[in-house]
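As stored in entry.tsv (TSV, C-alpha atoms):
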```tsv
chain	number	residue	atom	x	y	z
Z	24	MET	CA	-165.45	-138.56	50.69
Z	25	SER	CA	-165.39	-137.76	46.99
Z	26	SER	CA	-166.52	-138.95	43.57
Z	27	GLU	CA	-163.32	-141.02	43.47
Z	28	GLU	CA	-164.64	-143.14	46.37
Z	29	PHE	CA	-167.97	-143.41	44.52
Z	30	GLU	CA	-166.13	-144.86	41.52
Z	31	LYS	CA	-164.44	-147.43	43.75
Z	32	LEU	CA	-167.82	-148.52	45.11
Z	33	HIS	CA	-169.13	-148.56	41.54
Z	34	ASP	CA	-166.41	-151.04	40.55
Z	35	ILE	CA	-167.28	-153.25	43.55
Z	36	TYR	CA	-170.96	-153.15	42.66
Z	37	ARG	CA	-170.31	-154.04	39.02
Z	38	SER	CA	-168.29	-157.05	40.13
Z	39	LEU	CA	-171.13	-158.21	42.41
Z	40	TYR	CA	-173.75	-157.53	39.73
Z	41	ASP	CA	-171.84	-159.54	37.11
Z	42	GLU	CA	-171.85	-162.45	39.55
Z	43	LEU	CA	-175.52	-162.03	40.49
Z	44	ARG	CA	-176.92	-161.87	36.97
Z	45	LEU	CA	-175.66	-165.38	36.17
Z	46	MET	CA	-177.37	-166.98	39.18
Z	47	PRO	CA	-181.04	-166.97	38.00
Z	48	ASP	CA	-180.21	-169.06	34.90
Z	49	ARG	CA	-178.03	-171.40	36.96
Z	50	ALA	CA	-180.78	-171.77	39.58
Z	51	LEU	CA	-183.33	-172.52	36.84
Z	52	ARG	CA	-181.16	-175.40	35.59
Z	53	SER	CA	-180.24	-176.76	39.01
Z	54	HIS	CA	-182.15	-178.80	41.59
Z	55	GLY	CA	-182.04	-179.73	45.24
Z	56	GLU	CA	-179.06	-178.72	47.31
Z	57	GLU	CA	-177.31	-177.00	44.46
Z	58	ARG	CA	-180.31	-174.68	43.99
Z	59	LYS	CA	-180.40	-173.97	47.74
Z	60	ARG	CA	-176.73	-173.20	47.65
Z	61	LEU	CA	-177.28	-170.78	44.74
Z	62	VAL	CA	-180.15	-169.14	46.61
Z	63	ARG	CA	-177.99	-168.64	49.72
Z	64	SER	CA	-175.14	-167.32	47.58
Z	65	PHE	CA	-177.54	-164.94	45.82
Z	66	ASP	CA	-178.80	-163.69	49.20
Z	67	GLU	CA	-175.26	-163.02	50.39
Z	68	ARG	CA	-174.16	-161.27	47.22
Z	69	LYS	CA	-177.39	-159.27	47.09
Z	70	GLY	CA	-176.88	-158.13	50.68
Z	71	GLU	CA	-173.34	-157.07	49.88
Z	72	ALA	CA	-174.58	-155.24	46.77
Z	73	GLU	CA	-177.23	-153.40	48.81
Z	74	GLU	CA	-174.59	-152.44	51.34
Z	75	VAL	CA	-172.40	-151.09	48.53
Z	76	LEU	CA	-175.39	-149.12	47.19
Z	77	GLN	CA	-175.95	-147.73	50.68
Z	78	GLY	CA	-172.33	-146.60	50.74
Z	79	MET	CA	-172.83	-145.00	47.34
Z	80	GLU	CA	-175.83	-143.10	48.72
Z	81	GLU	CA	-173.65	-141.75	51.53
Z	82	GLU	CA	-171.09	-140.70	48.94
Z	83	LEU	CA	-173.86	-139.04	46.94
Z	84	ARG	CA	-174.83	-136.78	49.86
Z	85	SER	CA	-171.28	-135.41	50.18
Z	86	ALA	CA	-170.41	-135.39	46.46
Z	87	PRO	CA	-169.82	-132.12	44.54
Z	88	SER	CA	-172.95	-130.72	42.93
Z	89	SER	CA	-171.36	-131.01	39.47
Z	90	HIS	CA	-171.18	-134.84	39.83
Z	91	ARG	CA	-174.31	-135.40	41.94
Z	92	ASN	CA	-176.83	-135.74	39.08
Z	93	ALA	CA	-174.81	-138.34	37.17
Z	94	MET	CA	-174.12	-140.30	40.38
Z	95	SER	CA	-177.80	-140.22	41.35
Z	96	THR	CA	-178.80	-141.52	37.91
Z	97	LYS	CA	-176.34	-144.40	38.19
Z	98	LEU	CA	-177.61	-145.27	41.66
Z	99	ARG	CA	-181.27	-145.43	40.54
Z	100	MET	CA	-180.31	-147.61	37.60
Z	101	TYR	CA	-178.31	-149.98	39.84
Z	102	ARG	CA	-181.25	-150.39	42.26
Z	103	ARG	CA	-183.61	-151.05	39.35
Z	104	ASP	CA	-181.28	-153.70	37.89
Z	105	LEU	CA	-180.84	-155.30	41.32
Z	106	GLY	CA	-184.63	-155.48	41.78
Z	107	LYS	CA	-184.97	-157.02	38.32
Z	108	LEU	CA	-182.43	-159.73	39.18
Z	109	GLU	CA	-184.30	-160.42	42.43
Z	110	ARG	CA	-187.56	-160.96	40.53
Z	111	GLU	CA	-185.81	-163.26	38.05
Z	112	MET	CA	-184.36	-165.25	40.94
Z	113	LYS	CA	-187.84	-165.62	42.49
Z	114	ASN	CA	-189.14	-166.99	39.20
Z	115	SER	CA	-186.19	-169.37	38.82
Z	116	ALA	CA	-186.18	-170.70	42.41
Z	117	PRO	CA	-189.54	-171.14	44.18
Z	118	GLY	CA	-189.37	-170.20	47.87
Z	119	PHE	CA	-186.64	-167.61	47.26
Z	120	GLY	CA	-188.77	-164.80	48.70
Z	121	SER	CA	-188.92	-166.26	52.20
Z	122	SER	CA	-185.18	-166.83	52.41
Z	123	SER	CA	-184.32	-163.50	50.87
Z	124	SER	CA	-186.46	-161.62	53.39
Z	125	GLN	CA	-184.15	-162.72	56.21
Z	126	PRO	CA	-181.10	-160.56	56.83
Z	127	VAL	CA	-177.82	-162.18	55.89
Z	128	GLU	CA	-175.81	-162.97	59.01
Z	129	GLY	CA	-172.54	-161.11	59.16
Z	130	SER	CA	-173.45	-158.83	56.24
Z	131	HIS	CA	-171.69	-155.95	57.98
Z	132	HIS	CA	-168.49	-157.88	57.51
Z	133	GLY	CA	-168.96	-158.18	53.75
Z	134	ILE	CA	-166.95	-156.86	50.87
Z	135	TYR	CA	-168.00	-153.24	51.38
Z	136	SER	CA	-166.86	-153.25	55.00
Z	137	SER	CA	-163.51	-154.74	54.00
Z	138	GLN	CA	-163.18	-152.30	51.14
Z	139	ASN	CA	-164.10	-149.40	53.44
Z	140	GLN	CA	-161.50	-150.45	56.00
Z	141	HIS	CA	-158.92	-150.91	53.26
Z	142	SER	CA	-159.82	-147.52	51.79
Z	143	THR	CA	-159.56	-145.89	55.23
Z	144	HIS	CA	-156.17	-147.51	55.74
Z	145	LEU	CA	-155.02	-146.29	52.34
Z	146	GLN	CA	-156.28	-142.78	53.08
Z	147	SER	CA	-154.42	-142.82	56.39
Z	148	GLN	CA	-151.23	-143.94	54.67
Z	149	ARG	CA	-151.78	-141.36	51.96
Z	150	ALA	CA	-152.27	-138.63	54.59
Z	151	LEU	CA	-149.05	-139.71	56.32
Z	152	LEU	CA	-147.26	-139.76	52.97
Z	153	LEU	CA	-148.56	-136.31	52.06
Z	154	GLN	CA	-147.57	-135.02	55.50
Z	155	GLY	CA	-144.09	-136.49	55.09
Z	156	THR	CA	-143.84	-135.08	51.58
Z	157	GLU	CA	-144.94	-131.66	52.83
Z	158	SER	CA	-142.39	-131.79	55.66
Z	159	LEU	CA	-139.71	-132.80	53.16
Z	160	ASN	CA	-140.71	-129.96	50.84
Z	161	ASN	CA	-140.61	-127.50	53.74
Z	162	ALA	CA	-137.18	-128.79	54.75
Z	163	SER	CA	-135.99	-128.56	51.15
Z	164	GLN	CA	-137.29	-124.98	50.88
Z	165	SER	CA	-135.62	-124.10	54.18
Z	166	ILE	CA	-132.34	-125.57	52.93
Z	167	GLU	CA	-132.71	-123.66	49.67
Z	168	ARG	CA	-133.34	-120.42	51.56
Z	169	SER	CA	-130.33	-121.10	53.82
Z	170	GLN	CA	-128.20	-121.88	50.77
Z	171	ARG	CA	-129.38	-118.69	49.06
Z	172	ILE	CA	-128.64	-116.62	52.15
Z	173	ALA	CA	-125.22	-118.29	52.45
Z	174	ASN	CA	-124.49	-117.51	48.78
Z	175	GLU	CA	-125.61	-113.92	49.24
Z	176	THR	CA	-123.49	-113.60	52.39
Z	177	GLU	CA	-120.52	-115.10	50.56
Z	178	GLN	CA	-121.01	-112.66	47.69
Z	179	ILE	CA	-121.24	-109.73	50.11
Z	180	GLY	CA	-118.08	-110.92	51.87
Z	181	THR	CA	-116.30	-111.24	48.52
Z	182	ASP	CA	-117.38	-107.72	47.55
Z	183	ILE	CA	-116.19	-106.36	50.91
Z	184	ILE	CA	-112.83	-108.12	50.53
Z	185	GLU	CA	-112.44	-106.73	47.01
Z	186	GLU	CA	-113.37	-103.25	48.22
Z	187	LEU	CA	-110.92	-103.48	51.13
Z	188	GLY	CA	-108.26	-104.64	48.68
Z	189	GLU	CA	-108.93	-101.61	46.49
Z	190	GLN	CA	-108.82	-99.31	49.52
Z	191	ARG	CA	-105.54	-100.90	50.60
Z	192	GLU	CA	-104.08	-100.26	47.16
Z	193	GLN	CA	-105.25	-96.65	47.37
Z	194	LEU	CA	-103.68	-96.29	50.82
Z	195	ASP	CA	-100.44	-97.83	49.53
Z	196	ARG	CA	-100.39	-95.39	46.62
Z	197	THR	CA	-101.13	-92.48	48.98
Z	198	ARG	CA	-98.36	-93.62	51.33
Z	199	ASN	CA	-95.94	-93.90	48.41
Z	200	ARG	CA	-96.88	-90.40	47.28
Z	201	LEU	CA	-96.34	-89.12	50.84
Z	202	VAL	CA	-92.94	-90.85	50.96
Z	203	ASN	CA	-92.01	-89.33	47.62
Z	204	THR	CA	-93.22	-85.93	48.80
Z	205	GLY	CA	-91.13	-86.28	51.98
Z	206	GLU	CA	-88.09	-87.20	49.94
Z	207	ASN	CA	-88.69	-84.22	47.64
Z	208	LEU	CA	-89.03	-81.94	50.66
Z	209	SER	CA	-85.76	-83.29	52.09
Z	210	ARG	CA	-83.99	-82.64	48.81
Z	211	SER	CA	-85.51	-79.17	48.66
Z	212	ARG	CA	-84.33	-78.40	52.19
Z	213	LYS	CA	-80.83	-79.58	51.30
Z	214	ILE	CA	-80.83	-77.41	48.20
Z	215	LEU	CA	-82.10	-74.43	50.17
Z	216	ARG	CA	-79.43	-74.93	52.84
Z	217	ALA	CA	-76.76	-75.20	50.13
Z	218	MET	CA	-78.05	-72.03	48.50
Z	219	ALA	CA	-78.04	-70.28	51.89
Z	220	ARG	CA	-74.42	-71.29	52.50
Z	221	ARG	CA	-73.47	-70.09	49.04
Z	222	LEU	CA	-75.25	-66.79	49.68
Z	223	VAL	CA	-73.39	-66.27	52.98
Z	224	THR	CA	-70.12	-67.18	51.31
Z	225	ASN	CA	-70.81	-64.76	48.47
Z	226	LYS	CA	-71.61	-62.01	50.97
Z	227	LEU	CA	-68.38	-62.62	52.84
Z	228	LEU	CA	-66.37	-62.60	49.62
Z	229	LEU	CA	-68.11	-59.43	48.54
Z	230	GLY	CA	-67.32	-57.79	51.91
Z	231	VAL	CA	-63.68	-58.82	51.66
Z	232	ILE	CA	-63.47	-57.45	48.13
Z	233	ILE	CA	-65.03	-54.16	49.23
Z	234	LEU	CA	-62.61	-53.89	52.13
Z	235	MET	CA	-59.65	-54.62	49.83
Z	236	GLU	CA	-60.83	-52.01	47.34
Z	237	LEU	CA	-61.21	-49.44	50.12
Z	238	ALA	CA	-57.69	-50.25	51.39
Z	239	ILE	CA	-56.25	-49.90	47.90
Z	240	LEU	CA	-58.13	-46.67	47.37
Z	241	GLY	CA	-56.84	-45.30	50.69
Z	242	ALA	CA	-53.29	-46.30	49.83
Z	243	VAL	CA	-53.53	-44.58	46.46
Z	244	VAL	CA	-54.87	-41.40	48.05
Z	245	TYR	CA	-52.14	-41.41	50.68
Z	246	LEU	CA	-49.37	-41.96	48.19
Z	247	LYS	CA	-50.65	-39.30	45.83
Z	248	PHE	CA	-51.46	-36.49	48.20
Z	249	PHE	CA	-49.29	-37.07	51.23
Z	250	ARG	CA	-46.07	-38.24	49.71
```
Whole structure, C-alpha cells version:
Amino acid sequence: MSSEEFEKLHDIYRSLYDELRLMPDRALRSHGEERKRLVRSFDERKGEAEEVLQGMEEELRSAPSSHRNAMSTKLRMYRRDLGKLEREMKNSAPGFGSSSSQPVEGSHHGIYSSQNQHSTHLQSQRALLLQGTESLNNASQSIERSQRIANETEQIGTDIIEELGEQREQLDRTRNRLVNTGENLSRSRKILRAMARRLVTNKLLLGVIILMELAILGAVVYLKFFR
C-alpha cells in the first residue's frame, strides 16, 4: 500500500461525492416513487463512499509519515462533507433516516471492492512484468558479460598469434644467420685446406730446391778439388 493507492481511492470518492451532492436538490423537487428511488440511490452511493473512506483509513495507517498528515486532513474533510450531505438529504426527503440506518445489501460488492480487485490484479500483473523485466535485464547483463569476455579472449588470442608470429620471424632470422654462419665456416675450412695444401707444396718445393743446391755445391767442390 502507498500514497498512490490513496490517490486512486481519492478519485473514486470524488466521483461518488459529485454524484451524491446533486441528490438532495433532486429529492427536494421530486415526489413519490422518484424520491424513494433517489433515497435508495443515495443510500447505495453513501455506503460505497463510506467503504472507500474505510479503505483510505487503511491506506493512512501504512502511508509514509511525510504524507500522513495531509492524507489525514483530507479524510476528515471528506467525512465532514459526507455527513453534511446526509443531513441535507434528511431535510429534503422525510423518512430518509430510517432507510439510511439499514445496511445496504451487497455493499461489499460495491465500487471499492471492484476497484480493489482490479488494483490487486494490476499489481500482480505489474509484479510479473517487473519480474520479467528483471530477468530480461539479468539475461542482457549476462550476455554483455559473455560478449565482453569473448572479446577479451579474442583480443588475447590475437595478441598471442601476433607474438608467435614475431617469435617465428625471429627464429627464421636466427636460422638464416646460422645457415650463413655454416656457409661461412665451410668456405673458411675450404680456404684453410687450400692454404694447407699450398704450404705443403711450398715445403716440398723448398726441400727439392735445397737438395738441388746441395747437389750442385757438391759437384762444384768435387770438380774443383778432386779433378
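Straight-line separation from CA of Leu98 (chain Z) to CA of Phe65 (chain Z): 20.1 Å.
Distance-wise, CA of His33 (chain Z) and CA of Ala72 (chain Z) end up 10.1 Å apart.
Taking CA of Gly78 (chain Z) and CA of Lys31 (chain Z) as endpoints, the distance between them is 10.6 Å.
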Write out as a PyMOL selection string each polymer residue whose atoms come within 12 Å of region 38-43 of chain Z, counting only C-alpha atoms; drop sequence neighbours fewer than 3 positions from it.
chain Z and resi 31-35+46-50+61-76+101-109+111-112+133-135
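Distances here use all atoms listed in the file; by that measure, the residue among Z:Met94, Z:Leu187, Z:Leu208, Z:Met235 closest to Met79 (chain Z) is Z:Met94.
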